[in-house]
Structures are given as structure tokens and as C-alpha cells.
$ cat final_31.pdb   # PDB, C-alpha atoms
ATOM      1  CA  MET A   1      -7.244  -5.350  33.843
ATOM      2  CA  ALA A   2      -3.725  -6.645  33.194
ATOM      3  CA  LEU A   3      -2.191  -5.328  30.001
ATOM      4  CA  GLU A   4       0.969  -6.634  28.320
ATOM      5  CA  ILE A   5       3.166  -3.752  27.094
ATOM      6  CA  LEU A   6       5.954  -4.239  24.540
ATOM      7  CA  TYR A   7       8.695  -1.722  23.731
ATOM      8  CA  PHE A   8      10.886  -1.624  20.632
ATOM      9  CA  ALA A   9      14.043   0.132  19.360
ATOM     10  CA  TRP A  10      15.111   3.243  21.340
ATOM     11  CA  VAL A  11      11.949   3.127  23.441
ATOM     12  CA  ARG A  12      13.013  -0.320  24.652
ATOM     13  CA  GLU A  13      16.582   0.871  25.274
ATOM     14  CA  ALA A  14      15.551   3.970  27.265
ATOM     15  CA  ILE A  15      13.141   1.987  29.436
ATOM     16  CA  GLY A  16      15.606  -0.867  29.812
ATOM     17  CA  SER A  17      13.024  -3.576  29.198
ATOM     18  CA  ASP A  18      11.289  -5.101  26.183
ATOM     19  CA  ALA A  19       8.038  -6.108  27.903
ATOM     20  CA  GLU A  20       6.082  -5.791  31.120
ATOM     21  CA  THR A  21       2.603  -6.386  32.485
ATOM     22  CA  VAL A  22       0.809  -3.398  33.983
ATOM     23  CA  GLU A  23      -2.554  -2.617  35.584
ATOM     24  CA  PRO A  24      -3.481   0.884  34.403
ATOM     25  CA  PRO A  25      -5.606   2.899  36.852
ATOM     26  CA  ASP A  26      -9.111   4.144  36.076
ATOM     27  CA  GLY A  27      -9.039   7.083  33.694
ATOM     28  CA  VAL A  28      -6.452   5.515  31.367
ATOM     29  CA  GLU A  29      -8.721   4.986  28.384
ATOM     30  CA  THR A  30      -6.678   5.576  25.230
ATOM     31  CA  ILE A  31      -3.159   4.743  24.051
ATOM     32  CA  GLY A  32      -2.252   8.385  24.641
ATOM     33  CA  ASP A  33      -3.509   8.134  28.241
ATOM     34  CA  LEU A  34      -1.502   4.948  28.736
ATOM     35  CA  ILE A  35       1.702   6.545  27.438
ATOM     36  CA  GLY A  36       1.140   9.573  29.682
ATOM     37  CA  TRP A  37       0.669   7.301  32.704
ATOM     38  CA  LEU A  38       3.700   5.110  31.872
ATOM     39  CA  ALA A  39       5.882   8.223  31.380
ATOM     40  CA  GLY A  40       5.488   8.940  35.120
ATOM     41  CA  ARG A  41       6.981   5.624  36.193
ATOM     42  CA  GLY A  42      10.619   6.738  36.253
ATOM     43  CA  GLU A  43      13.503   8.433  34.511
ATOM     44  CA  GLY A  44      13.885   6.008  31.604
ATOM     45  CA  TYR A  45      10.132   6.061  31.009
ATOM     46  CA  ALA A  46      10.081   9.854  30.952
ATOM     47  CA  GLU A  47      12.930   9.869  28.434
ATOM     48  CA  ALA A  48      11.301   7.272  26.192
ATOM     49  CA  LEU A  49       7.698   8.413  26.435
ATOM     50  CA  GLY A  50       7.874  12.119  27.257
ATOM     51  CA  GLU A  51       7.171  13.229  23.686
ATOM     52  CA  PRO A  52       4.229  11.172  22.380
ATOM     53  CA  GLY A  53       4.528  12.916  19.005
ATOM     54  CA  ARG A  54       7.703  10.888  18.383
ATOM     55  CA  LEU A  55       5.942   7.583  19.118
ATOM     56  CA  ARG A  56       3.735   5.099  17.320
ATOM     57  CA  ALA A  57       1.732   2.222  18.783
ATOM     58  CA  ALA A  58      -0.149  -0.965  18.042
ATOM     59  CA  ILE A  59      -3.021  -2.658  19.862
ATOM     60  CA  ASP A  60      -3.057  -6.438  19.592
ATOM     61  CA  GLN A  61      -0.622  -6.315  16.643
ATOM     62  CA  VAL A  62      -2.500  -3.659  14.627
ATOM     63  CA  PHE A  63      -1.258  -0.053  14.267
ATOM     64  CA  ALA A  64      -3.386   2.357  16.289
ATOM     65  CA  SER A  65      -3.451   6.137  16.796
ATOM     66  CA  MET A  66      -2.906   7.841  20.154
ATOM     67  CA  GLU A  67      -6.665   8.473  20.403
ATOM     68  CA  THR A  68      -7.591   4.790  20.048
ATOM     69  CA  PRO A  69      -9.450   3.438  23.107
ATOM     70  CA  LEU A  70      -7.715   0.529  24.811
ATOM     71  CA  GLY A  71     -11.042  -1.292  25.075
ATOM     72  CA  GLU A  72     -10.425  -5.014  25.530
ATOM     73  CA  ALA A  73      -6.790  -4.778  24.420
ATOM     74  CA  ARG A  74      -4.475  -7.487  25.680
ATOM     75  CA  GLU A  75      -1.190  -6.316  24.156
ATOM     76  CA  VAL A  76      -0.052  -2.755  23.463
ATOM     77  CA  ALA A  77       3.264  -2.078  21.703
ATOM     78  CA  ILE A  78       4.965   1.327  21.847
ATOM     79  CA  PHE A  79       7.759   2.175  19.411
ATOM     80  CA  PRO A  80       9.341   4.841  17.171
ATOM     81  CA  PRO A  81       8.119   5.341  13.590
ATOM     82  CA  VAL A  82       9.110   2.252  11.611
ATOM     83  CA  THR A  83      12.182   2.185   9.340
ATOM     84  CA  GLY A  84      12.024  -1.083   7.409
ATOM     85  CA  GLY A  85      12.298  -1.684   3.691
TER
ATOM     86  CA  MET B  86      -3.703 -15.802  -5.625
ATOM     87  CA  LYS B  87      -2.179 -15.977  -2.154
ATOM     88  CA  PRO B  88       0.936 -13.810  -1.762
ATOM     89  CA  ASP B  89       4.085 -15.557  -0.531
ATOM     90  CA  VAL B  90       5.250 -13.513   2.482
ATOM     91  CA  ARG B  91       8.348 -14.428   4.472
ATOM     92  CA  VAL B  92      10.099 -12.798   7.428
ATOM     93  CA  GLN B  93      13.463 -14.388   8.081
ATOM     94  CA  ALA B  94      16.991 -13.899   9.420
ATOM     95  CA  ASP B  95      18.490 -16.070   6.681
ATOM     96  CA  ALA B  96      19.712 -14.775   3.336
ATOM     97  CA  PHE B  97      17.591 -15.362   0.233
ATOM     98  CA  ASP B  98      18.565 -15.970  -3.394
ATOM     99  CA  SER B  99      17.003 -13.386  -5.704
ATOM    100  CA  GLY B 100      17.645 -15.580  -8.757
ATOM    101  CA  VAL B 101      15.735 -18.490  -7.247
ATOM    102  CA  GLU B 102      12.825 -16.199  -6.332
ATOM    103  CA  LEU B 103      12.674 -14.660  -9.821
ATOM    104  CA  ALA B 104      12.878 -18.075 -11.489
ATOM    105  CA  ALA B 105       9.928 -19.241  -9.360
ATOM    106  CA  LEU B 106       7.890 -16.197 -10.431
ATOM    107  CA  GLU B 107       8.708 -16.964 -14.095
ATOM    108  CA  GLN B 108       6.925 -20.306 -13.718
ATOM    109  CA  ARG B 109       3.562 -18.666 -12.971
ATOM    110  CA  GLY B 110       2.435 -18.050 -16.536
ATOM    111  CA  ALA B 111       2.921 -14.293 -16.446
ATOM    112  CA  GLY B 112       3.727 -11.966 -19.317
ATOM    113  CA  GLY B 113       5.906  -9.837 -17.065
ATOM    114  CA  ILE B 114       7.771  -9.968 -13.770
ATOM    115  CA  ALA B 115       8.841  -6.869 -11.854
ATOM    116  CA  SER B 116      11.038  -6.919  -8.794
ATOM    117  CA  PHE B 117      12.737  -4.741  -6.231
ATOM    118  CA  ILE B 118      15.732  -5.857  -4.170
ATOM    119  CA  GLY B 119      16.882  -3.707  -1.245
ATOM    120  CA  ILE B 120      20.604  -3.872  -0.420
ATOM    121  CA  VAL B 121      22.501  -2.575   2.649
ATOM    122  CA  ARG B 122      24.589   0.460   1.620
ATOM    123  CA  GLY B 123      28.026   1.012   3.173
ATOM    124  CA  ASP B 124      27.710   4.822   3.323
ATOM    125  CA  GLY B 125      29.645   6.808   5.907
ATOM    126  CA  GLY B 126      31.686   3.903   7.225
ATOM    127  CA  LEU B 127      28.651   1.745   7.988
ATOM    128  CA  GLU B 128      29.766  -1.655   9.213
ATOM    129  CA  ALA B 129      26.411  -3.301   9.905
ATOM    130  CA  LEU B 130      22.682  -2.771  10.172
ATOM    131  CA  GLU B 131      20.687  -4.442  12.915
ATOM    132  CA  LEU B 132      17.028  -4.866  12.058
ATOM    133  CA  GLU B 133      14.723  -5.286  15.018
ATOM    134  CA  HIS B 134      11.105  -6.264  14.416
ATOM    135  CA  TYR B 135       7.878  -7.138  16.221
ATOM    136  CA  PRO B 136       7.640 -10.865  15.532
ATOM    137  CA  ALA B 137       3.982 -11.303  16.467
ATOM    138  CA  MET B 138       2.975  -8.530  14.067
ATOM    139  CA  THR B 139       5.482  -8.443  11.199
ATOM    140  CA  GLU B 140       4.204 -11.239   8.995
ATOM    141  CA  GLN B 141       0.614 -10.104   9.412
ATOM    142  CA  ALA B 142       1.542  -6.496   8.550
ATOM    143  CA  LEU B 143       3.478  -7.512   5.432
ATOM    144  CA  GLY B 144       0.647  -9.861   4.514
ATOM    145  CA  GLY B 145      -1.776  -6.936   4.745
ATOM    146  CA  VAL B 146       0.345  -4.864   2.362
ATOM    147  CA  ALA B 147       0.653  -7.776  -0.070
ATOM    148  CA  ALA B 148      -3.093  -8.457   0.080
ATOM    149  CA  GLU B 149      -3.810  -4.800  -0.687
ATOM    150  CA  ALA B 150      -1.537  -4.991  -3.751
ATOM    151  CA  ALA B 151      -3.343  -8.143  -4.882
ATOM    152  CA  ARG B 152      -6.666  -6.348  -4.467
ATOM    153  CA  ARG B 153      -5.537  -3.388  -6.590
ATOM    154  CA  TRP B 154      -3.865  -5.239  -9.485
ATOM    155  CA  PRO B 155      -4.571  -8.574 -11.193
ATOM    156  CA  LEU B 156      -1.448 -10.408 -10.101
ATOM    157  CA  LEU B 157      -0.560 -14.016 -10.846
ATOM    158  CA  ALA B 158       1.992 -14.165  -8.036
ATOM    159  CA  LEU B 159       3.525 -11.868  -5.440
ATOM    160  CA  THR B 160       6.565 -12.607  -3.272
ATOM    161  CA  VAL B 161       7.621 -10.406  -0.341
ATOM    162  CA  ILE B 162      10.675 -11.341   1.756
ATOM    163  CA  HIS B 163      12.042  -9.137   4.553
ATOM    164  CA  ARG B 164      15.083 -10.023   6.646
ATOM    165  CA  HIS B 165      15.796  -9.132  10.252
ATOM    166  CA  GLY B 166      18.889  -9.407  12.440
ATOM    167  CA  ARG B 167      22.420  -8.255  11.651
ATOM    168  CA  LEU B 168      23.233  -7.415   8.021
ATOM    169  CA  VAL B 169      26.394  -6.007   6.452
ATOM    170  CA  PRO B 170      26.905  -3.794   3.373
ATOM    171  CA  GLY B 171      26.066  -5.698   0.208
ATOM    172  CA  ASP B 172      23.551  -7.968   1.963
ATOM    173  CA  ARG B 173      20.024  -8.156   0.597
ATOM    174  CA  ILE B 174      17.399  -6.849   3.057
ATOM    175  CA  VAL B 175      14.153  -7.065   1.142
ATOM    176  CA  PHE B 176      12.735  -8.680  -1.986
ATOM    177  CA  VAL B 177       9.478  -7.783  -3.698
ATOM    178  CA  GLY B 178       8.535  -9.615  -6.888
ATOM    179  CA  ALA B 179       5.243  -9.440  -8.772
ATOM    180  CA  ALA B 180       4.065 -11.497 -11.745
ATOM    181  CA  ALA B 181       1.206 -10.299 -13.946
ATOM    182  CA  ALA B 182      -0.103 -10.687 -17.469
ATOM    183  CA  HIS B 183       1.267  -7.263 -18.435
ATOM    184  CA  ARG B 184       4.191  -5.150 -17.295
ATOM    185  CA  GLY B 185       2.135  -2.224 -15.984
ATOM    186  CA  GLU B 186       0.453  -4.219 -13.238
ATOM    187  CA  ALA B 187       3.655  -5.972 -12.206
ATOM    188  CA  ILE B 188       5.660  -2.734 -12.010
ATOM    189  CA  ALA B 189       2.920  -0.788 -10.209
ATOM    190  CA  ALA B 190       2.327  -3.539  -7.647
ATOM    191  CA  THR B 191       6.047  -3.834  -6.877
ATOM    192  CA  ASN B 192       6.346  -0.070  -6.446
ATOM    193  CA  PHE B 193       3.264  -0.013  -4.208
ATOM    194  CA  VAL B 194       4.476  -2.833  -1.949
ATOM    195  CA  ILE B 195       7.896  -1.279  -1.383
ATOM    196  CA  ASP B 196       6.343   2.139  -0.623
ATOM    197  CA  TRP B 197       3.815   0.708   1.830
ATOM    198  CA  LEU B 198       6.156  -1.623   3.621
ATOM    199  CA  LYS B 199       8.409   1.343   4.459
ATOM    200  CA  THR B 200       5.620   2.741   6.637
ATOM    201  CA  ASP B 201       3.438  -0.271   7.494
ATOM    202  CA  ALA B 202       5.819  -3.009   8.593
ATOM    203  CA  PRO B 203       7.176  -2.978  12.170
ATOM    204  CA  PHE B 204      10.932  -2.950  11.556
ATOM    205  CA  TRP B 205      13.535  -0.628  13.093
ATOM    206  CA  LYS B 206      17.079  -0.232  11.766
ATOM    207  CA  ARG B 207      20.121   0.506  13.905
ATOM    208  CA  GLU B 208      23.278   1.605  12.078
ATOM    209  CA  ILE B 209      26.629   0.446  13.442
ATOM    210  CA  PHE B 210      29.737   2.222  12.187
ATOM    211  CA  GLY B 211      33.356   1.075  11.980
ATOM    212  CA  ASP B 212      34.446   3.627  14.598
ATOM    213  CA  GLY B 213      32.070   2.170  17.204
ATOM    214  CA  ARG B 214      29.271   4.724  16.872
ATOM    215  CA  SER B 215      25.747   3.450  16.460
ATOM    216  CA  GLN B 216      22.371   5.105  15.994
ATOM    217  CA  TRP B 217      18.755   4.298  15.236
ATOM    218  CA  VAL B 218      17.682   5.299  11.732
ATOM    219  CA  GLU B 219      15.097   8.114  11.760
ATOM    220  CA  ALA B 220      11.917   7.687   9.757
ATOM    221  CA  ARG B 221      11.819   9.942   6.686
ATOM    222  CA  ALA B 222       8.932  12.239   5.827
ATOM    223  CA  ALA B 223       9.530  11.282   2.184
ATOM    224  CA  ASP B 224       8.512   7.713   3.022
ATOM    225  CA  ASP B 225       5.187   8.894   4.463
ATOM    226  CA  ALA B 226       4.649  11.027   1.356
ATOM    227  CA  ALA B 227       5.439   8.033  -0.884
ATOM    228  CA  ARG B 228       2.785   5.977   0.890
ATOM    229  CA  VAL B 229       0.141   8.696   0.731
ATOM    230  CA  LYS B 230       0.488   9.146  -3.022
ATOM    231  CA  TRP B 231      -1.212   5.741  -3.483
ATOM    232  CA  ASP B 232      -4.305   6.953  -1.600
ATOM    233  CA  SER B 233      -5.529   9.151  -4.431
TER
END
$ encode --input "final_31.pdb" --output "C-alpha cells"
Amino acid sequence: MALEILYFAWVREAIGSDAETVEPPDGVETIGDLIGWLAGRGEGYAEALGEPGRLRAAIDQVFASMETPLGEAREVAIFPPVTGG
Amino acid sequence: MKPDVRVQADAFDSGVELAALEQRGAGGIASFIGIVRGDGGLEALELEHYPAMTEQALGGVAAEAARRWPLLALTVIHRHGRLVPGDRIVFVGAAAAHRGEAIAATNFVIDWLKTDAPFWKREIFGDGRSQWVEARAADDAARVKWDS
């Protein structure tokens, strides 16, 4: 199923793109799985996504842990810990 | 009471916001205003955010404050885009019958929005260097203290 992926801050810069549509293969069931799969797509991806402990994510605009199943997600955002305020 | 939550690039006037809160029949108003510091030769801050999520996330924080304290009004404004030292970044203002609720709610909102609103700051220095601001463990700790 097509999934819209958004990247922010240094994740966006390392990947060189702020959004893309992907079709994850079978076996990609959680956000952590998705990040692991995306990390294999090239050098910038490996740099941005190689250490999932440094990343945070949201599914359909709600924060979600790495263990969260993608389920019927339409939009997944991957980004560093937030620094607003 | 529906909190007034705004995400905007434009500047805001703290005096106007406070005056509006004073019209809500409260016994006390508390507020927090975040300002860009010019430490270490900082020339500008660029605040990136996740537009589809930001307002909803701030609204969630504001709604939680309204659930915890009997507020008469709550205003939360967060700017994005390029800001320079001295610029206001964020405004939190709470109106309540008594000072305790207003002060606690303001403190709560600023602690939670540090960890629960999708903003990322990039620092740009006068000598051309720039870097993304790292999240601070102290901010996570400040959020958690409200869980007890």
C-alpha cells in the first residue's frame, strides 16, 4: 500500500528530500521496520536513519513509538527529537 | 473554554494578548514569553515545523491544561520561520479565578510544548556556521514531572 513519508530537520537534509511516496515490502510492519527498510535505500538514508535511537516519528500527525504498527497509516513523518518552545 | 491556539510566521504583540486575557473576568493572569537569545554570536534562528500536525499538537497540550485546571482563557502562540535575537518565539497566557491555577497552567503548557510540539530550531551564527539545536534531557524531565 502506498505510504507518504515526510522528513524534517537534519533527517530531511541528509536524505535530500522532504517527502516521498513508498510501497514498503511485506514484513515492514512497524515504524521501526519502516526506518530499517528506508535506511537501505542509499547513502543519505543510511546517514539519516542509521541510528533509530536518535529519531522520533508520527503516524497520521500523531507521535508514535518505533514499535507502533503501521496499520492503515497514510502518512508517516520521521524527524529528530523536537526543539520548540 | 476553548483555548486560542495559533501557529504563525508573523510577530505577535504580547501587550495586546495580555489585555485580551484581562477582559475574561479572571482574578489572575499568568504568562510566559519566549525570546530568541543572542548567545555565542547567534544571528538568527530558523524554526521548521510540521504544518499538518503543529496546531493539533499544541491544541492537545492546551486542552490537557484546560482539563487539569479551571481556566477562564488560555492563549498559546508559537512562531515559525526565521527569527533574530530579541524576537518573541512563543506566548503562553492563562486566565483563572486565582493565581495558582493560572501560574501552574502556564508552567505546564510551556513544559509540554517543549516535547510535544513538532518544531525544530536551526541556529545560524554571524561567522556562517549553522547547526540544529539538540533536544535536552532536562526538557524531557520537565515534562515527566507533571505525570505524577
$ resolve_selection --input "final_31.pdb" --expression "the PyMOL selection byres ((chain B and resi 208-214) around 6)" --output "PDB file with C-alpha atoms, in the coordinates of the input"
ATOM      1  CA  GLY B 126      31.686   3.903   7.225  1.00  0.00           C
ATOM      2  CA  LEU B 127      28.651   1.745   7.988  1.00  0.00           C
ATOM      3  CA  GLU B 128      29.766  -1.655   9.213  1.00  0.00           C
ATOM      4  CA  ALA B 129      26.411  -3.301   9.905  1.00  0.00           C
ATOM      5  CA  LEU B 130      22.682  -2.771  10.172  1.00  0.00           C
ATOM      6  CA  ARG B 207      20.121   0.506  13.905  1.00  0.00           C
ATOM      7  CA  SER B 215      25.747   3.450  16.460  1.00  0.00           C
ATOM      8  CA  GLN B 216      22.371   5.105  15.994  1.00  0.00           C
TER       9      GLN B 216
END
$ residues_around --input "final_31.pdb" --residues "Leu3 (chain A)" --least-positions-apart "4" --cutoff "10 Å" --atoms "all atoms listed in the file" --output "compact mmCIF listing (two decimals) with C-alpha atoms, keeping the file's coordinate frame"
# COMPACT_ATOMS: atom_id res chain seq x y z
CA GLU A 20 6.08 -5.79 31.12
CA THR A 21 2.60 -6.39 32.48
CA VAL A 22 0.81 -3.40 33.98
CA GLU A 23 -2.55 -2.62 35.58
CA PRO A 24 -3.48 0.88 34.40
CA LEU A 70 -7.72 0.53 24.81
CA GLU A 72 -10.42 -5.01 25.53
CA ALA A 73 -6.79 -4.78 24.42
CA ARG A 74 -4.47 -7.49 25.68
CA GLU A 75 -1.19 -6.32 24.16
CA VAL A 76 -0.05 -2.76 23.46
$ interface_residues --input "final_31.pdb" --of "chain A" --to "chain B" --cutoff "10 Å" --atoms "only C-alpha atoms" --output "PyMOL selection string"
chain A and resi 6-10+58+60-63+77+79-85
$ resolve_selection --input "final_31.pdb" --expression "the PyMOL selection byres ((chain B and resi 181-188) around 6)" --output "list in words"
Ala111, Gly112, Gly113, Ile114, Ala115, Trp154, Leu156, Leu157, Ala179, Ala180, Ala189, Ala190 and Thr191 of chain B
$ atom_distance --input "final_31.pdb" --atom1 "CA of Ala64 (chain A)" --atom2 "CA of Pro155 (chain B)"
29.6 Å
$ atom_distance --input "final_31.pdb" --atom1 "CA of Gly50 (chain A)" --atom2 "CA of Gly16 (chain A)"
15.3 Å
$ atom_distance --input "final_31.pdb" --atom1 "CA of Asp232 (chain B)" --atom2 "CA of Arg91 (chain B)"
25.6 Å
$ closest_residue --input "final_31.pdb" --among "A:Met66, A:Ile15, A:Ala46, A:Leu55" --to "Asp33 (chain A)" --atoms "all atoms listed in the file"
A:Met66
$ decode --input "final_31.pdb" --residues "chain A" --atoms "C-alpha atoms" --output "compact mmCIF listing (two decimals), in the first residue's frame"
# COMPACT_ATOMS: atom_id res chain seq x y z
CA MET A 1 0.00 0.00 0.00
CA ALA A 2 1.36 3.45 -0.88
CA LEU A 3 2.63 5.38 2.11
CA GLU A 4 3.51 9.08 2.18
CA ILE A 5 6.75 9.69 4.12
CA LEU A 6 7.76 13.14 5.41
CA TYR A 7 11.21 14.11 6.70
CA PHE A 8 12.09 17.10 8.87
CA ALA A 9 15.20 18.98 10.08
CA TRP A 10 18.53 17.12 9.68
CA VAL A 11 16.74 13.95 8.56
CA ARG A 12 15.33 15.92 5.62
CA GLU A 13 18.74 17.46 4.87
CA ALA A 14 20.63 14.14 4.93
CA ILE A 15 18.07 12.45 2.68
CA GLY A 16 17.85 15.48 0.42
CA SER A 17 14.06 15.42 0.20
CA ASP A 18 11.16 16.49 2.40
CA ALA A 19 8.61 13.92 1.19
CA GLU A 20 8.20 10.82 -0.93
CA THR A 21 5.71 8.05 -1.58
CA VAL A 22 6.89 4.50 -0.99
CA GLU A 23 5.49 0.96 -1.20
CA PRO A 24 7.04 -0.95 1.71
CA PRO A 25 7.53 -4.68 1.10
CA ASP A 26 5.83 -7.40 3.15
CA GLY A 27 7.41 -7.73 6.57
CA VAL A 28 7.57 -3.97 7.19
CA GLU A 29 5.00 -3.80 9.97
CA THR A 30 6.12 -1.15 12.45
CA ILE A 31 7.69 2.31 12.25
CA GLY A 32 10.97 0.73 13.31
CA ASP A 33 10.73 -1.77 10.44
CA LEU A 34 9.98 1.06 8.02
CA ILE A 35 13.00 3.08 9.16
CA GLY A 36 15.22 -0.01 8.87
CA TRP A 37 13.97 -0.62 5.32
CA LEU A 38 14.34 3.05 4.27
CA ALA A 39 17.89 3.17 5.71
CA GLY A 40 18.94 0.69 2.99
CA ARG A 41 17.88 2.95 0.13
CA GLY A 42 21.15 4.86 -0.20
CA GLU A 43 23.92 6.82 1.44
CA GLY A 44 21.86 9.78 2.63
CA TYR A 45 19.20 7.44 4.01
CA ALA A 46 21.80 5.43 5.91
CA GLU A 47 23.20 8.64 7.40
CA ALA A 48 19.79 9.97 8.40
CA LEU A 49 18.18 6.75 9.56
CA GLY A 50 21.06 4.52 10.63
CA GLU A 51 20.58 5.19 14.35
CA PRO A 52 16.85 4.87 15.11
CA GLY A 53 17.53 5.81 18.74
CA ARG A 54 18.15 9.39 17.56
CA LEU A 55 14.80 9.55 15.73
CA ARG A 56 11.17 10.21 16.54
CA ALA A 57 8.12 9.61 14.36
CA ALA A 58 4.45 10.35 13.87
CA ILE A 59 1.71 8.36 12.16
CA ASP A 60 -1.01 10.46 10.56
CA GLN A 61 0.09 13.53 12.55
CA VAL A 62 0.22 11.81 15.97
CA PHE A 63 3.50 10.95 17.75
CA ALA A 64 4.17 7.21 17.69
CA SER A 65 6.87 4.92 19.12
CA MET A 66 9.17 2.76 16.99
CA GLU A 67 7.10 -0.31 17.93
CA THR A 68 3.82 1.17 16.65
CA PRO A 69 2.27 -0.91 13.83
CA LEU A 70 1.80 0.99 10.59
CA GLY A 71 -1.68 -0.49 10.23
CA GLU A 72 -3.75 1.68 7.90
CA ALA A 73 -1.35 4.63 8.13
CA ARG A 74 -1.38 7.05 5.23
CA GLU A 75 1.35 9.46 6.34
CA VAL A 76 4.45 8.71 8.40
CA ALA A 77 6.80 11.52 9.46
CA ILE A 78 10.37 10.83 10.61
CA PHE A 79 12.34 13.52 12.45
CA PRO A 80 14.79 14.31 15.28
CA PRO A 81 13.52 14.95 18.82
CA VAL A 82 11.61 18.23 18.77
CA THR A 83 13.17 21.51 19.96
CA GLY A 84 10.36 24.07 20.03
CA GLY A 85 9.32 26.40 22.82
